[in-house]
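Undergrad: Please read through the structure below; I'll follow up with questions.
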Amino acid sequence: MSQLLVTGGAGFIGSNFVHHVIANTDHEVIVLDKLTYAGNAASLAGLPEHRVRLVQGDIADAPLVDDLFSQVDSVVHYAAESHNDNSLSDPRPFLDTNIVGTYTLLEAARAHDVRFHHISTDEVYGDLELDDPERFTESTPYNPSSPYSSTKAGSDLLVRAWVRSFGVRATISNCSNNYGPYQHVEKFIPRQITNVLRGIRPKLYGTGENVRDWIHADDHSSAVLTILEKGTLGETYLIGADGEKDNKAVVELILRLSDLPTDAYDHVSDRPGHDLRYAIDSTKLRTELGWAPRYRDFEAGLAATIEWYRENESWWAPAKDGVEAFYASKGQ
Ligand code: NAD
Ligand code: DAU
């Protein structure tokens with residue numbers, strides 16, 4: 001049994017990870033989360049209180065971080081400002097949390113010699129052409145497009161520097177687009193599912209030809225646990241489940257699974273600088289660490305996710321109107 005600190009554990013992927021850890025290990029977990037608009041303590045409801053403790057606080061608060069690092073063996077760092085559209089409207093919080101926050105954690109990891117795993121994104125590699133036969137690998141050069149992805153790229157480089165210069169015992173993973181329960185309604189899939197549940201037509205940016213490489217959040221969690229247990233210090237691992245789909249196909253599938261005509265959606269203004277395609281080659285993680293995804297049927301995973309949003313309206317409803325008003329103000 002070990003003591004884990006999970007930053008951002010009340011967010012989408014962090015809370016899925018905490019549920020996964022409680023179900024599959026005997027670790028005890030401290031969640032450090034600022035509970036921004038994206039964090040929700042309700043995402044941790046039902047977990048055993050003797051194994052999960054939520055501390056509300058900022059990863060950039062050095063004394064708090066120092067105290068928490070003195071209580072744990074390992075840290076998994078999910079906390080971030082995570083939404084591209086928000087980073088285009090107001091980049092500042094992305095710098096504060098993704099850059100200064102990660103720096104603060106790295107200094108504590110250095111002081112306490114704690115095992116540190118940094119969660120990052122495939123967006124640090126920029127985008128691919130639709131017909132490019134190559135996918136992202138661990139050696140693809142960094143080329144981020146948005147304020148969000150550039151701050152994530154910066155945070156990855158900080159981790160690498162703290163490994164090399166100070167011997168911090170860290171690993172990094174860069175994952176593709178996640179779907180599943182507890183995802184904020186600002187994001188593509190929950191926005192369209194909850195639109196349909198509210199009788200609003202789904203909204204597709206631009207032509208809808210943009211491709212994302214979907215992975216279930218629980219598969220992301222099992223990959224992170226594998227890296228924490230078996231990863232080589234200083235290494236980066238790409239996480240993906242061969243789930244490439246264009247946005248139009250995803251909207252059409254949500255409509256079909258909801259028994260609605262598959263053309264019952266609107267095209268809206270495109271995202272400025274919109275990345276065209278992401279695609280992950282996760283060979284290193286699979287061959288070196290023996291990881292494999294469990295959710296291989298996207299349609300079944302999406303149907304279960306639709307069902308989760310249908311059954312958990314009280315979880316998402318408080319955020320829905322504000323999110324739609326924000327998008328409407330931008331013609332989206
Ligand atoms: P999210 O926005 O749902 O959750 C982020 C969490 O971090 C929230 O609970 C929020 O309250 C917390 N947080 C924000 N600023 C904080 C601060 N200063 N101090 C403490 N807590 C703070 O994000 P997510 O989609 O769950 O993403 C989690 C991580 O995974 C991020 O690092 C993101 O870059 C990465 N990632 C996400 C995806 C994806 O598809 N969503 C894919 C790959 C990587
Ligand atoms: O690739 C990993 C990244 O995936 C993570 O690093 C980010 O934290 C996460 O938010 C996600 O970024 P995207 O920008 O790909 O996700 P988003 O859900 O915002 O959009 C997915 C795609 O859907 C993208 O091509 C934009 C499009 N879109 C989005 C919304 C909200 C629409 O067409 N309509 C919409 O209403």
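We label chains A, B, ... in the order they appear in the structure tokens, count residues from 1 in each chain, and number ligands from 1 in the order shown.
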Let me have all residues with an atom within 8 Å of ligand 2, counting only C-alpha atoms and all ligand atoms, laid out as JSON, numbers by chain.
TA: {"A": [81, 82, 83, 84, 85, 120, 121, 122, 123, 148, 149, 175, 176, 177, 178, 186, 187, 188, 189, 191, 192, 202, 203, 204, 205, 206, 208, 210, 211, 212, 213, 247, 248, 268, 270, 271, 274, 275, 276, 277, 278, 327, 332]}
Undergrad: Need the shell around Ser155 of chain A: protein/DNA/RNA residues with any atom at most 9 Å away, counting only C-alpha atoms. Skip same-chain ones fewer than 5 positions apart. Format as a ChimeraX atom specification?
TA: /A:98-103,118,120,150,160
Undergrad: Fewer than 2 positions away in the same chain doesn't count, so skip those; otherwise give me all residues within 7 Å of Arg169 of chain A, counting only C-alpha atoms, as a ChimeraX atom specification.
TA: /A:114-116,163,167,233-234
Undergrad: Any chance you can output those residues with N, CA, C and O atoms as a PDB file, in the first residue's frame?
TA:
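Printed below is result_9.pdb as written:
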```
ATOM      1  N   VAL A 114      10.162  12.692  -4.114  1.00  0.00           N
ATOM      2  CA  VAL A 114       8.924  11.927  -4.319  1.00  0.00           C
ATOM      3  C   VAL A 114       8.831  11.491  -5.782  1.00  0.00           C
ATOM      4  O   VAL A 114       9.213  12.240  -6.680  1.00  0.00           O
ATOM      5  N   ARG A 115       8.354  10.274  -6.029  1.00  0.00           N
ATOM      6  CA  ARG A 115       8.104   9.792  -7.405  1.00  0.00           C
ATOM      7  C   ARG A 115       6.989  10.631  -8.018  1.00  0.00           C
ATOM      8  O   ARG A 115       5.911  10.793  -7.420  1.00  0.00           O
ATOM      9  N   PHE A 116       7.224  11.169  -9.224  1.00  0.00           N
ATOM     10  CA  PHE A 116       6.313  12.149  -9.824  1.00  0.00           C
ATOM     11  C   PHE A 116       5.919  11.689 -11.219  1.00  0.00           C
ATOM     12  O   PHE A 116       6.790  11.380 -12.050  1.00  0.00           O
ATOM     13  N   VAL A 163      14.226  16.551 -14.229  1.00  0.00           N
ATOM     14  CA  VAL A 163      14.798  15.194 -14.223  1.00  0.00           C
ATOM     15  C   VAL A 163      16.300  15.284 -14.464  1.00  0.00           C
ATOM     16  O   VAL A 163      17.113  14.729 -13.720  1.00  0.00           O
ATOM     17  N   GLY A 167      17.708  15.483 -10.926  1.00  0.00           N
ATOM     18  CA  GLY A 167      17.494  14.068 -10.618  1.00  0.00           C
ATOM     19  C   GLY A 167      16.116  13.744 -10.085  1.00  0.00           C
ATOM     20  O   GLY A 167      15.920  12.725  -9.400  1.00  0.00           O
ATOM     21  N   LEU A 233      12.272   5.718 -15.196  1.00  0.00           N
ATOM     22  CA  LEU A 233      12.381   7.124 -14.790  1.00  0.00           C
ATOM     23  C   LEU A 233      13.013   7.950 -15.908  1.00  0.00           C
ATOM     24  O   LEU A 233      13.939   7.495 -16.579  1.00  0.00           O
ATOM     25  N   GLY A 234      12.461   9.161 -16.104  1.00  0.00           N
ATOM     26  CA  GLY A 234      12.982  10.055 -17.135  1.00  0.00           C
ATOM     27  C   GLY A 234      12.343   9.857 -18.494  1.00  0.00           C
ATOM     28  O   GLY A 234      12.546  10.662 -19.397  1.00  0.00           O
TER      29      GLY A 234
END
```
Undergrad: With only C-alpha atoms and all ligand atoms as the basis for distance, which of A:Val250, A:Ala217, A:Ala45, A:Leu257 is at the shortest distance from ligand 1?
TA: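 Once distances to ligand 1 are computed over only C-alpha atoms and all ligand atoms, the minimum belongs to A:Ala217.
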Undergrad: Pick from A:Gly331, A:Trp315, A:Asn86, A:Leu302: nearest to Ala41 of chain A, with only C-alpha atoms counted?
TA: A:Trp315
Undergrad: Please report the interatomic distance between atom CA of Val65 of chain A and atom CA of Ile22 of chain A in Å with one decimal.
TA: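 Between atom CA of Val65 of chain A and atom CA of Ile22 of chain A the gap is 22.7 Å.
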Undergrad: Which one is closest to Thr283 of chain A: A:Ala317, A:Ala300, A:Ala241, A:Leu105? Count only C-alpha atoms.
TA: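 Once distances to Thr283 of chain A are computed over only C-alpha atoms, the minimum belongs to A:Ala241.
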Undergrad: Hey, can you check how far atom 18 (N, counted along the ligand's line) of ligand 1 sits from atom CA of Tyr142 of chain A?
TA: 24.0 Å
Undergrad: Give me the residues of chain A that have any atom at most 7 Å from an atom of ligand 1; for each, the nearest atom pair and the distance in Å, rounded to one decimal. Use only C-alpha atoms and all ligand atoms, sort by chain and number, and format it as a tab-separated table.
TA:
```
residue	atom	partner	partner_atom_place_in_ligand_line	distance
A:Thr7	CA	ligand 1	21 (N)	6.1
A:Gly8	CA	ligand 1	7 (O)	3.6
A:Gly9	CA	ligand 1	9 (O)	5.9
A:Ala10	CA	ligand 1	9 (O)	4.1
A:Gly11	CA	ligand 1	9 (O)	3.2
A:Phe12	CA	ligand 1	26 (O)	3.6
A:Ile13	CA	ligand 1	26 (O)	3.7
A:Gly14	CA	ligand 1	26 (O)	5.4
A:Leu32	CA	ligand 1	20 (C)	6.0
A:Asp33	CA	ligand 1	21 (N)	3.7
A:Lys34	CA	ligand 1	21 (N)	3.9
A:Leu35	CA	ligand 1	11 (O)	3.6
A:Thr36	CA	ligand 1	11 (O)	3.9
A:Tyr37	CA	ligand 1	11 (O)	6.4
A:Ala38	CA	ligand 1	8 (C)	4.7
A:Gly39	CA	ligand 1	9 (O)	3.1
A:Asn40	CA	ligand 1	9 (O)	6.3
A:Gly57	CA	ligand 1	20 (C)	5.7
A:Asp58	CA	ligand 1	19 (N)	3.5
A:Ile59	CA	ligand 1	19 (N)	4.0
A:Ala60	CA	ligand 1	18 (N)	6.0
A:Tyr78	CA	ligand 1	29 (C)	4.2
A:Ala79	CA	ligand 1	7 (O)	3.6
A:Ala80	CA	ligand 1	14 (C)	4.5
A:Glu81	CA	ligand 1	14 (C)	5.2
A:Ser82	CA	ligand 1	2 (O)	4.6
A:His83	CA	ligand 1	2 (O)	6.6
A:Thr97	CA	ligand 1	18 (N)	4.5
A:Gly101	CA	ligand 1	18 (N)	6.1
A:Ile119	CA	ligand 1	32 (O)	5.3
A:Ser120	CA	ligand 1	44 (C)	4.7
A:Thr121	CA	ligand 1	44 (C)	3.9
A:Asp122	CA	ligand 1	43 (C)	6.5
A:Lys152	CA	ligand 1	34 (O)	6.4
A:Asn174	CA	ligand 1	43 (C)	6.2
A:Cys175	CA	ligand 1	43 (C)	4.3
A:Ser176	CA	ligand 1	42 (C)	5.0
A:Asn177	CA	ligand 1	40 (O)	3.6
A:Asn178	CA	ligand 1	40 (O)	3.8
A:Tyr179	CA	ligand 1	40 (O)	6.7
A:Gln183	CA	ligand 1	3 (O)	6.0
A:His184	CA	ligand 1	3 (O)	6.0
```
Undergrad: What is the atom CA of Val76 of chain A to atom CA of Leu157 of chain A distance in Å?
TA: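 Interatomic distance here is 16.7 Å.
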Undergrad: Looking only at the backbone, which of the residues in segment 66-251 of chain A does DSSP tag as alpha helix (DSSP H), as an mmCIF file with N, CA and C atoms, in the first residue's frame?
TA:
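New file part.cif:
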```cif
data_model
loop_
_atom_site.group_PDB
_atom_site.id
_atom_site.type_symbol
_atom_site.label_atom_id
_atom_site.label_comp_id
_atom_site.auth_asym_id
_atom_site.auth_seq_id
_atom_site.Cartn_x
_atom_site.Cartn_y
_atom_site.Cartn_z
ATOM 1 N N ASP A 66 4.190 21.700 -0.266
ATOM 2 C CA ASP A 66 5.303 21.132 0.486
ATOM 3 C C ASP A 66 4.795 20.215 1.598
ATOM 4 N N ASP A 67 3.770 20.664 2.304
ATOM 5 C CA ASP A 67 3.194 19.868 3.395
ATOM 6 C C ASP A 67 2.615 18.553 2.846
ATOM 7 N N LEU A 68 1.884 18.629 1.737
ATOM 8 C CA LEU A 68 1.263 17.410 1.187
ATOM 9 C C LEU A 68 2.321 16.445 0.649
ATOM 10 N N PHE A 69 3.374 16.963 0.021
ATOM 11 C CA PHE A 69 4.422 16.083 -0.502
ATOM 12 C C PHE A 69 5.144 15.336 0.626
ATOM 13 N N ASN A 84 -9.164 24.209 -24.651
ATOM 14 C CA ASN A 84 -8.607 25.058 -25.710
ATOM 15 C C ASN A 84 -9.415 26.334 -25.937
ATOM 16 N N ASP A 85 -10.747 26.210 -25.992
ATOM 17 C CA ASP A 85 -11.570 27.398 -26.285
ATOM 18 C C ASP A 85 -11.385 28.468 -25.206
ATOM 19 N N ASN A 86 -11.291 28.045 -23.937
ATOM 20 C CA ASN A 86 -11.066 29.019 -22.858
ATOM 21 C C ASN A 86 -9.696 29.672 -22.996
ATOM 22 N N SER A 87 -8.717 28.908 -23.449
ATOM 23 C CA SER A 87 -7.354 29.465 -23.550
ATOM 24 C C SER A 87 -7.275 30.523 -24.641
ATOM 25 N N LEU A 88 -8.200 30.451 -25.602
ATOM 26 C CA LEU A 88 -8.226 31.471 -26.655
ATOM 27 C C LEU A 88 -8.889 32.750 -26.146
ATOM 28 N N SER A 89 -9.821 32.624 -25.183
ATOM 29 C CA SER A 89 -10.502 33.806 -24.631
ATOM 30 C C SER A 89 -9.674 34.471 -23.540
ATOM 31 N N ARG A 92 -4.341 33.683 -19.424
ATOM 32 C CA ARG A 92 -3.576 33.864 -18.188
ATOM 33 C C ARG A 92 -3.663 32.693 -17.186
ATOM 34 N N PRO A 93 -4.882 32.187 -16.877
ATOM 35 C CA PRO A 93 -4.936 31.073 -15.914
ATOM 36 C C PRO A 93 -4.167 29.841 -16.388
ATOM 37 N N PHE A 94 -3.991 29.709 -17.696
ATOM 38 C CA PHE A 94 -3.255 28.567 -18.252
ATOM 39 C C PHE A 94 -1.768 28.673 -17.905
ATOM 40 N N THR A 102 2.948 23.692 -12.190
ATOM 41 C CA THR A 102 3.815 22.520 -12.397
ATOM 42 C C THR A 102 5.209 22.777 -11.827
ATOM 43 N N TYR A 103 5.722 23.982 -12.014
ATOM 44 C CA TYR A 103 7.032 24.357 -11.423
ATOM 45 C C TYR A 103 7.004 24.171 -9.895
ATOM 46 N N THR A 104 5.902 24.617 -9.274
ATOM 47 C CA THR A 104 5.785 24.524 -7.808
ATOM 48 C C THR A 104 5.824 23.063 -7.364
ATOM 49 N N LEU A 105 5.128 22.205 -8.092
ATOM 50 C CA LEU A 105 5.122 20.771 -7.751
ATOM 51 C C LEU A 105 6.506 20.158 -7.948
ATOM 52 N N LEU A 106 7.178 20.546 -9.025
ATOM 53 C CA LEU A 106 8.514 19.975 -9.293
ATOM 54 C C LEU A 106 9.506 20.355 -8.201
ATOM 55 N N GLU A 107 9.413 21.573 -7.698
ATOM 56 C CA GLU A 107 10.305 21.979 -6.616
ATOM 57 C C GLU A 107 10.036 21.142 -5.358
ATOM 58 N N ALA A 108 8.776 20.821 -5.105
ATOM 59 C CA ALA A 108 8.450 19.987 -3.941
ATOM 60 C C ALA A 108 8.903 18.544 -4.171
ATOM 61 N N ALA A 109 8.767 18.050 -5.417
ATOM 62 C CA ALA A 109 9.228 16.683 -5.730
ATOM 63 C C ALA A 109 10.734 16.584 -5.504
ATOM 64 N N ARG A 110 11.430 17.643 -5.867
ATOM 65 C CA ARG A 110 12.885 17.704 -5.691
ATOM 66 C C ARG A 110 13.240 17.715 -4.201
ATOM 67 N N ALA A 111 12.524 18.526 -3.439
ATOM 68 C CA ALA A 111 12.834 18.658 -2.004
ATOM 69 C C ALA A 111 12.540 17.364 -1.247
ATOM 70 N N HIS A 112 11.488 16.659 -1.642
ATOM 71 C CA HIS A 112 11.053 15.478 -0.879
ATOM 72 C C HIS A 112 11.431 14.160 -1.558
ATOM 73 N N PRO A 147 -2.792 28.487 -26.865
ATOM 74 C CA PRO A 147 -2.246 28.822 -25.532
ATOM 75 C C PRO A 147 -2.293 27.610 -24.593
ATOM 76 N N TYR A 148 -3.381 26.824 -24.648
ATOM 77 C CA TYR A 148 -3.454 25.617 -23.808
ATOM 78 C C TYR A 148 -2.303 24.667 -24.110
ATOM 79 N N SER A 149 -2.172 24.276 -25.386
ATOM 80 C CA SER A 149 -1.175 23.238 -25.692
ATOM 81 C C SER A 149 0.250 23.759 -25.527
ATOM 82 N N SER A 150 0.446 25.072 -25.724
ATOM 83 C CA SER A 150 1.813 25.583 -25.528
ATOM 84 C C SER A 150 2.181 25.587 -24.044
ATOM 85 N N THR A 151 1.199 25.841 -23.157
ATOM 86 C CA THR A 151 1.543 25.768 -21.724
ATOM 87 C C THR A 151 1.744 24.317 -21.283
ATOM 88 N N LYS A 152 1.015 23.375 -21.888
ATOM 89 C CA LYS A 152 1.270 21.955 -21.566
ATOM 90 C C LYS A 152 2.661 21.558 -22.068
ATOM 91 N N ALA A 153 3.029 22.029 -23.265
ATOM 92 C CA ALA A 153 4.373 21.728 -23.788
ATOM 93 C C ALA A 153 5.428 22.303 -22.846
ATOM 94 N N GLY A 154 5.197 23.546 -22.384
ATOM 95 C CA GLY A 154 6.138 24.162 -21.449
ATOM 96 C C GLY A 154 6.266 23.352 -20.172
ATOM 97 N N SER A 155 5.130 22.840 -19.683
ATOM 98 C CA SER A 155 5.186 22.065 -18.433
ATOM 99 C C SER A 155 5.950 20.753 -18.647
ATOM 100 N N ASP A 156 5.794 20.125 -19.811
ATOM 101 C CA ASP A 156 6.551 18.895 -20.101
ATOM 102 C C ASP A 156 8.059 19.191 -20.080
ATOM 103 N N LEU A 157 8.424 20.326 -20.679
ATOM 104 C CA LEU A 157 9.860 20.661 -20.750
ATOM 105 C C LEU A 157 10.416 20.961 -19.364
ATOM 106 N N LEU A 158 9.596 21.566 -18.496
ATOM 107 C CA LEU A 158 10.040 21.775 -17.113
ATOM 108 C C LEU A 158 10.326 20.428 -16.450
ATOM 109 N N VAL A 159 9.415 19.461 -16.640
ATOM 110 C CA VAL A 159 9.622 18.142 -16.015
ATOM 111 C C VAL A 159 10.938 17.537 -16.514
ATOM 112 N N ARG A 160 11.160 17.600 -17.830
ATOM 113 C CA ARG A 160 12.402 17.023 -18.372
ATOM 114 C C ARG A 160 13.631 17.706 -17.781
ATOM 115 N N ALA A 161 13.558 19.034 -17.621
ATOM 116 C CA ALA A 161 14.703 19.775 -17.062
ATOM 117 C C ALA A 161 14.940 19.390 -15.606
ATOM 118 N N TRP A 162 13.849 19.197 -14.832
ATOM 119 C CA TRP A 162 14.006 18.842 -13.412
ATOM 120 C C TRP A 162 14.533 17.407 -13.263
ATOM 121 N N VAL A 163 14.226 16.551 -14.229
ATOM 122 C CA VAL A 163 14.798 15.194 -14.223
ATOM 123 C C VAL A 163 16.300 15.284 -14.464
ATOM 124 N N ARG A 164 16.665 16.007 -15.518
ATOM 125 C CA ARG A 164 18.082 16.029 -15.913
ATOM 126 C C ARG A 164 18.942 16.843 -14.952
ATOM 127 N N SER A 165 18.446 18.021 -14.554
ATOM 128 C CA SER A 165 19.294 18.912 -13.748
ATOM 129 C C SER A 165 19.302 18.547 -12.269
ATOM 130 N N PHE A 166 18.161 18.034 -11.777
ATOM 131 C CA PHE A 166 18.054 17.833 -10.319
ATOM 132 C C PHE A 166 17.777 16.374 -9.941
ATOM 133 N N PHE A 188 -16.411 18.546 -26.176
ATOM 134 C CA PHE A 188 -17.176 18.163 -27.372
ATOM 135 C C PHE A 188 -18.244 17.083 -27.123
ATOM 136 N N ILE A 189 -17.819 15.915 -26.657
ATOM 137 C CA ILE A 189 -18.777 14.806 -26.542
ATOM 138 C C ILE A 189 -19.857 15.095 -25.495
ATOM 139 N N PRO A 190 -19.508 15.528 -24.256
ATOM 140 C CA PRO A 190 -20.594 15.823 -23.294
ATOM 141 C C PRO A 190 -21.462 16.994 -23.732
ATOM 142 N N ARG A 191 -20.860 17.960 -24.458
ATOM 143 C CA ARG A 191 -21.702 19.073 -24.920
ATOM 144 C C ARG A 191 -22.780 18.556 -25.870
ATOM 145 N N GLN A 192 -22.402 17.683 -26.783
ATOM 146 C CA GLN A 192 -23.391 17.213 -27.764
ATOM 147 C C GLN A 192 -24.413 16.271 -27.106
ATOM 148 N N ILE A 193 -23.928 15.405 -26.190
ATOM 149 C CA ILE A 193 -24.861 14.489 -25.495
ATOM 150 C C ILE A 193 -25.887 15.299 -24.705
ATOM 151 N N THR A 194 -25.422 16.303 -23.963
ATOM 152 C CA THR A 194 -26.352 17.060 -23.115
ATOM 153 C C THR A 194 -27.211 18.008 -23.957
ATOM 154 N N ASN A 195 -26.685 18.455 -25.105
ATOM 155 C CA ASN A 195 -27.558 19.192 -26.039
ATOM 156 C C ASN A 195 -28.742 18.318 -26.430
ATOM 157 N N VAL A 196 -28.432 17.094 -26.847
ATOM 158 C CA VAL A 196 -29.504 16.188 -27.287
ATOM 159 C C VAL A 196 -30.487 15.944 -26.137
ATOM 160 N N LEU A 197 -29.959 15.738 -24.929
ATOM 161 C CA LEU A 197 -30.846 15.488 -23.776
ATOM 162 C C LEU A 197 -31.718 16.705 -23.467
ATOM 163 N N ARG A 198 -31.230 17.897 -23.812
ATOM 164 C CA ARG A 198 -31.981 19.145 -23.586
ATOM 165 C C ARG A 198 -32.845 19.546 -24.786
ATOM 166 N N ALA A 217 -11.604 7.107 -20.671
ATOM 167 C CA ALA A 217 -10.827 7.627 -19.535
ATOM 168 C C ALA A 217 -10.318 6.493 -18.641
ATOM 169 N N ASP A 218 -11.058 5.381 -18.545
ATOM 170 C CA ASP A 218 -10.596 4.278 -17.694
ATOM 171 C C ASP A 218 -9.354 3.612 -18.292
ATOM 172 N N ASP A 219 -9.249 3.577 -19.619
ATOM 173 C CA ASP A 219 -8.029 3.047 -20.250
ATOM 174 C C ASP A 219 -6.853 3.991 -20.014
ATOM 175 N N HIS A 220 -7.116 5.295 -20.026
ATOM 176 C CA HIS A 220 -6.053 6.252 -19.674
ATOM 177 C C HIS A 220 -5.559 5.950 -18.250
ATOM 178 N N SER A 221 -6.507 5.709 -17.338
ATOM 179 C CA SER A 221 -6.134 5.442 -15.937
ATOM 180 C C SER A 221 -5.274 4.189 -15.807
ATOM 181 N N SER A 222 -5.654 3.120 -16.509
ATOM 182 C CA SER A 222 -4.867 1.882 -16.381
ATOM 183 C C SER A 222 -3.473 2.086 -16.959
ATOM 184 N N ALA A 223 -3.375 2.917 -18.005
ATOM 185 C CA ALA A 223 -2.056 3.192 -18.588
ATOM 186 C C ALA A 223 -1.188 3.974 -17.599
ATOM 187 N N VAL A 224 -1.779 4.952 -16.936
ATOM 188 C CA VAL A 224 -1.002 5.768 -15.977
ATOM 189 C C VAL A 224 -0.536 4.913 -14.802
ATOM 190 N N LEU A 225 -1.406 4.051 -14.311
ATOM 191 C CA LEU A 225 -1.024 3.170 -13.208
ATOM 192 C C LEU A 225 0.124 2.242 -13.640
ATOM 193 N N THR A 226 0.056 1.760 -14.875
ATOM 194 C CA THR A 226 1.122 0.899 -15.410
ATOM 195 C C THR A 226 2.452 1.654 -15.450
ATOM 196 N N ILE A 227 2.413 2.909 -15.914
ATOM 197 C CA ILE A 227 3.653 3.703 -15.999
ATOM 198 C C ILE A 227 4.191 3.986 -14.599
ATOM 199 N N LEU A 228 3.282 4.277 -13.668
ATOM 200 C CA LEU A 228 3.702 4.550 -12.290
ATOM 201 C C LEU A 228 4.402 3.329 -11.692
ATOM 202 N N GLU A 229 3.873 2.148 -12.008
ATOM 203 C CA GLU A 229 4.424 0.920 -11.424
ATOM 204 C C GLU A 229 5.663 0.416 -12.168
ATOM 205 N N LYS A 230 5.655 0.544 -13.513
ATOM 206 C CA LYS A 230 6.703 -0.135 -14.293
ATOM 207 C C LYS A 230 7.519 0.769 -15.198
ATOM 208 N N ASN A 247 -15.021 14.478 -36.319
ATOM 209 C CA ASN A 247 -16.052 15.017 -35.420
ATOM 210 C C ASN A 247 -17.457 14.789 -35.956
ATOM 211 N N LYS A 248 -17.587 14.882 -37.284
ATOM 212 C CA LYS A 248 -18.909 14.681 -37.892
ATOM 213 C C LYS A 248 -19.410 13.260 -37.595
ATOM 214 N N ALA A 249 -18.518 12.280 -37.721
ATOM 215 C CA ALA A 249 -18.916 10.889 -37.455
ATOM 216 C C ALA A 249 -19.340 10.721 -35.995
ATOM 217 N N VAL A 250 -18.672 11.423 -35.075
ATOM 218 C CA VAL A 250 -19.025 11.292 -33.645
ATOM 219 C C VAL A 250 -20.405 11.892 -33.387
ATOM 220 N N VAL A 251 -20.663 13.077 -33.963
ATOM 221 C CA VAL A 251 -21.987 13.704 -33.780
ATOM 222 C C VAL A 251 -23.083 12.806 -34.370
#
```
Undergrad: Which neighbours of His117 of chain A fall inside 6 Å, counting only C-alpha atoms, when residues of the same chain fewer than 3 positions from it are skipped, and could you give them as a PyMOL selection string?
TA: chain A and resi 76+170-172
Undergrad: Got time to write the residues from that selection, N, CA, C and O atoms, as a JSON list (two decimals), in the first residue's frame?
TA:
```json
[["chain", "number", "residue", "atom", "x", "y", "z"],
["A", 76, "VAL", "N", 0.66, 11.98, -8.82],
["A", 76, "VAL", "CA", 0.22, 11.97, -10.22],
["A", 76, "VAL", "C", -0.43, 13.32, -10.48],
["A", 76, "VAL", "O", -1.40, 13.69, -9.82],
["A", 170, "ALA", "N", 10.92, 11.29, -12.23],
["A", 170, "ALA", "CA", 9.66, 11.58, -12.91],
["A", 170, "ALA", "C", 9.51, 10.81, -14.22],
["A", 170, "ALA", "O", 10.51, 10.42, -14.84],
["A", 171, "THR", "N", 8.24, 10.62, -14.61],
["A", 171, "THR", "CA", 7.88, 10.13, -15.94],
["A", 171, "THR", "C", 6.81, 11.08, -16.49],
["A", 171, "THR", "O", 6.19, 11.83, -15.72],
["A", 172, "ILE", "N", 6.61, 11.02, -17.81],
["A", 172, "ILE", "CA", 5.61, 11.86, -18.48],
["A", 172, "ILE", "C", 4.77, 10.97, -19.38],
["A", 172, "ILE", "O", 5.30, 10.04, -19.99]]
```
Undergrad: Among segment 129-215 of chain A, which ones does DSSP assign to strand (DSSP E) (computed from the backbone)? Answer as a ChimeraX atom specification.
TA: /A:170-175,178-179,203-205,211-213,215
Undergrad: Excluding Asp281 of chain A and residues on its chain fewer than 5 positions from it, collect all residues at most 12 Å away from it, counting only C-alpha atoms, and give them as number ranges by chain.
TA: A: 122, 133-140, 174-176, 213, 237-244, 286-287
